[in-house]
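Asker: Sharing a structure, written as structure tokens. Questions coming.
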Amino acid sequence: MKKIVITTGLLIFTLNSVNGQSTTENGTPLNQKFGFVAGYYGFQFKNPGFQIGLENYMATTSHFQVVGGLYAQFHHQKDRQTSIALNARIGQRYTTKFGLMLESHLGIGVQQTFYTSKVYDLTANPIAESTLKTNKTGAMPNIALGVGYDFSKKTKLPVTLYVRPNVSWLYPDKNLVFKTTGNIETGVIYKPTFKK
Amino acid sequence: MTKTVIQLFALTILLASCNKDEVTIDLIAGLNYNENVTKIEFLGEYSKADAIQFLGLINISSPIPVSTTCGFLLYRFHYKTHKFDNTEIIVSGLMGVPKSKNIKGLVSWQHGTNTYRAGSISTPSPDEGIGLAALFSANEYLLIAPDYIGLGASYEVHPYYHVKSTTNSVIDFIKVGEVVLNKLTGDTNHRLFLAGFSQGGGASVATQRALEISNPTNLQLVANAPIAGAYNLREVSVPYTLNHHTSNSLVYLGYLSNAYSLIYNQPLSTFIKEPYATNIPKWFDGSKDGQFMKDNLPPKVSDLFLDGFYNELNNNVSNWFTLALDENEMYLWQPINKIRFYYGLNDKDVIPQEAIGAYNYMKGLGGNVELNALGLFDHEESIIEALPQIQHWFNSLQ
């Protein structure tokens, strides 16, 4: 176990060893290509879930990065639904020299939702409660705006923290309508830089 | 700096994780319905943003703005009522519960002609159950919409245009709605609003009459908004349908024949031609939609009824059927509470004469009645045009 931890640590250190690499005006390394994302996904803000993802930095300018990302998202809403989604996004990220990060994304996802509906039988004594289960696959366009902090601008930590509210439109929901939800994402982006 | 950012991050996760208890499902299931409710199903939850979107999608574009103030929850209730022979049965209906503490009252919506159980209003669709909940529940009204007998959870023969059966299923659901309303608002003195379209327009007027004769609730009826309803079956609705063919004429007459045959104990074969006398009970059992009916019912009314019976109807001869039509009229009375009849001037399914005739008769008796011509709209268009006006009218009566 100890060996694995040490090996992993060395690997991360190696990935982040920057040997004479070039950077942009705000200090972003030009050879930074990928980021790994992990964080909380709050469906309607308050229903817990998580997301993991992979980001690809498609272009980097003095302050901007064009970000393409693929995210797997999961959430659970008590007595209502559980879902898994695969969400592809493209967006732009602006980072200041001090590390403040602002971003916007457009996405299209596919969500499999497992609906649970409570059914109460009032003829039973005591009242019997059961659950009706259905599931549906839906398309989920979404937009997200984010704010965060890039630690790599002031420290050696290649990590960005983000808070990203998003609005998504799922179609069809279980009653065959467009379902609009406001959600929150918050987590960590780990951005290794590769040796030349 | 780093420490502050980490603290802010942790706080964000904490706030985002807070799960405020908003579950009212258990609360509603736990109320005392005096054994009148047998089952409650949760159907869905929608936000104010969803409601605005639904109203946009069903093209409510009236110059009168639609007000949307909150989200809503949808339930299907299974409750007890009595059919034409006074047998107790279980029926169902949709309830839209506003996510608001300032509930303005109870709206009972009576739906139009539907032959298809899968299309029952308690199986909510964007253009009916959900759309209506978006209009009323998202504007802080508790909405109920009975499926009537024979649709939704009920497998009885649908008593199409049978007043007593219909008002039973509506009023019994209003009683259920009152229990929920009392609980959600914490008091017991509430307002009741009725509205309905086509068959439901007639059902709304009949329900008002029943409530004004005997109101089993503490709800105060404030207003009734029937849209494009048929009220005078013997002298207006059936004669018009016999002589003016529309795509729905045969559906209306087939549905009516199937219901009255059972209720008035007259075999279909005594007034309907074969093969329709054999097929009509199977077709009108909730398993077939309107398109199936249009495709399979005969092209002409004279091909549906036996010749002698058809002639009697055409000449308004009194027989069991025309007497049954008389018995199920909905306009020969003096309303105490306000009715506003909405109708479309281009309506070929339910002609303007229905609303005008009912209005004239009631006004002649000194009834509390108004007439609202919507403009050059046909049957289906008139509901879209009327609904924003009805919401505005109900809100103005607060």
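Labeling convention for the structure tokens: chains A, B, ... as they appear, residues from 1 per chain, ligands from 1 in order of appearance.
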For chain B, work out the contacting residues on chain A at 7 Å, counting only C-alpha atoms, and write them as a JSON list (two decimals) with N, CA and C atoms, in the first residue's frame.

Answerer:
[["chain", "number", "residue", "atom", "x", "y", "z"],
["A", 42, "GLY", "N", -24.70, 18.96, -7.34],
["A", 42, "GLY", "CA", -25.94, 19.17, -6.59],
["A", 42, "GLY", "C", -27.11, 19.37, -7.52],
["A", 45, "PHE", "N", -29.43, 21.99, -6.71],
["A", 45, "PHE", "CA", -28.56, 22.50, -5.67],
["A", 45, "PHE", "C", -28.47, 21.59, -4.45],
["A", 46, "LYS", "N", -29.61, 21.03, -4.03],
["A", 46, "LYS", "CA", -29.61, 20.41, -2.70],
["A", 46, "LYS", "C", -29.64, 18.89, -2.70],
["A", 47, "ASN", "N", -29.80, 18.29, -3.88],
["A", 47, "ASN", "CA", -29.83, 16.83, -3.91],
["A", 47, "ASN", "C", -28.45, 16.32, -4.30],
["A", 48, "PRO", "N", -27.87, 15.49, -3.46],
["A", 48, "PRO", "CA", -26.44, 15.20, -3.61],
["A", 48, "PRO", "C", -26.09, 14.29, -4.78],
["A", 117, "SER", "N", -41.64, 6.61, -7.65],
["A", 117, "SER", "CA", -42.83, 7.34, -7.23],
["A", 117, "SER", "C", -43.47, 6.62, -6.07],
["A", 118, "LYS", "N", -43.68, 7.35, -5.01],
["A", 118, "LYS", "CA", -44.32, 6.73, -3.85],
["A", 118, "LYS", "C", -45.81, 6.51, -4.13],
["A", 119, "VAL", "N", -46.30, 5.38, -3.73],
["A", 119, "VAL", "CA", -47.72, 5.07, -3.84],
["A", 119, "VAL", "C", -48.20, 4.68, -2.45],
["A", 120, "TYR", "N", -49.28, 5.30, -2.02],
["A", 120, "TYR", "CA", -49.83, 5.00, -0.70],
["A", 120, "TYR", "C", -51.15, 4.28, -0.85],
["A", 121, "ASP", "N", -51.26, 3.13, -0.22],
["A", 121, "ASP", "CA", -52.52, 2.39, -0.18],
["A", 121, "ASP", "C", -53.22, 2.74, 1.12],
["A", 122, "LEU", "N", -54.25, 3.55, 1.04],
["A", 122, "LEU", "CA", -54.92, 4.03, 2.25],
["A", 122, "LEU", "C", -55.96, 3.04, 2.77],
["A", 123, "THR", "N", -56.16, 1.95, 2.03],
["A", 123, "THR", "CA", -57.12, 0.95, 2.53],
["A", 123, "THR", "C", -56.44, 0.02, 3.52],
["A", 175, "ASN", "N", -42.96, 12.45, -17.48],
["A", 175, "ASN", "CA", -44.27, 12.81, -18.02],
["A", 175, "ASN", "C", -44.15, 13.42, -19.42],
["A", 177, "VAL", "N", -42.22, 15.77, -20.70],
["A", 177, "VAL", "CA", -42.07, 17.21, -20.87],
["A", 177, "VAL", "C", -40.60, 17.59, -20.72],
["A", 179, "LYS", "N", -37.86, 19.25, -18.74],
["A", 179, "LYS", "CA", -37.72, 19.53, -17.31],
["A", 179, "LYS", "C", -36.50, 20.42, -17.13],
["A", 180, "THR", "N", -36.74, 21.61, -16.62],
["A", 180, "THR", "CA", -35.65, 22.56, -16.39],
["A", 180, "THR", "C", -35.16, 22.44, -14.96]]

Asker: Could you please write out, as a short mmCIF file (atom, residue, chain, number, x, y, z; two decimals) with C-alpha atoms, in the first residue's frame, every residue of range 256-344 of chain B that DSSP assigns to strand (DSSP E)?

Answerer:
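Result file is part22.cif:
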data_model
loop_
_atom_site.label_atom_id
_atom_site.label_comp_id
_atom_site.auth_asym_id
_atom_site.auth_seq_id
_atom_site.Cartn_x
_atom_site.Cartn_y
_atom_site.Cartn_z
CA LYS B 338 -71.58 33.54 -11.16
CA ILE B 339 -71.32 31.57 -14.41
CA ARG B 340 -69.49 33.01 -17.38
CA PHE B 341 -70.07 31.03 -20.57
CA TYR B 342 -67.07 31.07 -22.95
CA TYR B 343 -67.58 30.02 -26.55
#

Asker: Between B:Pro388, B:Lys99, B:Gln199, B:Leu27, which one has atoms that come closest to Lys183 in chain B, using only C-alpha atoms?

Answerer: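 Nearest to Lys183 in chain B: B:Leu27.
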
Asker: Rounded to one decimal in Å, what is the spacing between CA of Gly49 in chain A and CA of Val110 in chain A?

Answerer: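 Between CA of Gly49 in chain A and CA of Val110 in chain A the gap works out to 16.2 Å.
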
Asker: Please measure the separation of CA of Gly357 in chain B and CA of Leu221 in chain B, giving the value in Å to one decimal.

Answerer: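 That distance, rounded to one decimal, is 23.3 Å.
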
Asker: Considering only helix (DSSP H, G or I) as DSSP defines it on the backbone, what residues of range 43-86 of chain B qualify? List them as a list in words.

Answerer: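 DSSP-assigned helix (DSSP H, G or I) residues in range 43-86 of chain B: Lys48, Ala49, Asp50, Ala51, Ile52, Gln53, Phe54, Leu55, Gly56 and Leu57 of chain B.
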
Asker: For the residues in that selection, give me C-alpha atoms as a PDB file, in the first residue's frame.

Answerer:
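For reference, out-v7.pdb as written:
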ATOM      1  CA  LYS B  48     -42.103  27.809 -11.672  1.00  0.00           C
ATOM      2  CA  ALA B  49     -39.639  27.841 -14.590  1.00  0.00           C
ATOM      3  CA  ASP B  50     -41.142  24.565 -15.839  1.00  0.00           C
ATOM      4  CA  ALA B  51     -44.647  26.038 -15.578  1.00  0.00           C
ATOM      5  CA  ILE B  52     -43.679  29.082 -17.637  1.00  0.00           C
ATOM      6  CA  GLN B  53     -42.120  26.800 -20.232  1.00  0.00           C
ATOM      7  CA  PHE B  54     -45.188  24.506 -20.444  1.00  0.00           C
ATOM      8  CA  LEU B  55     -47.532  27.449 -20.907  1.00  0.00           C
ATOM      9  CA  GLY B  56     -45.261  28.733 -23.663  1.00  0.00           C
ATOM     10  CA  LEU B  57     -45.185  25.336 -25.386  1.00  0.00           C
TER      11      LEU B  57
END
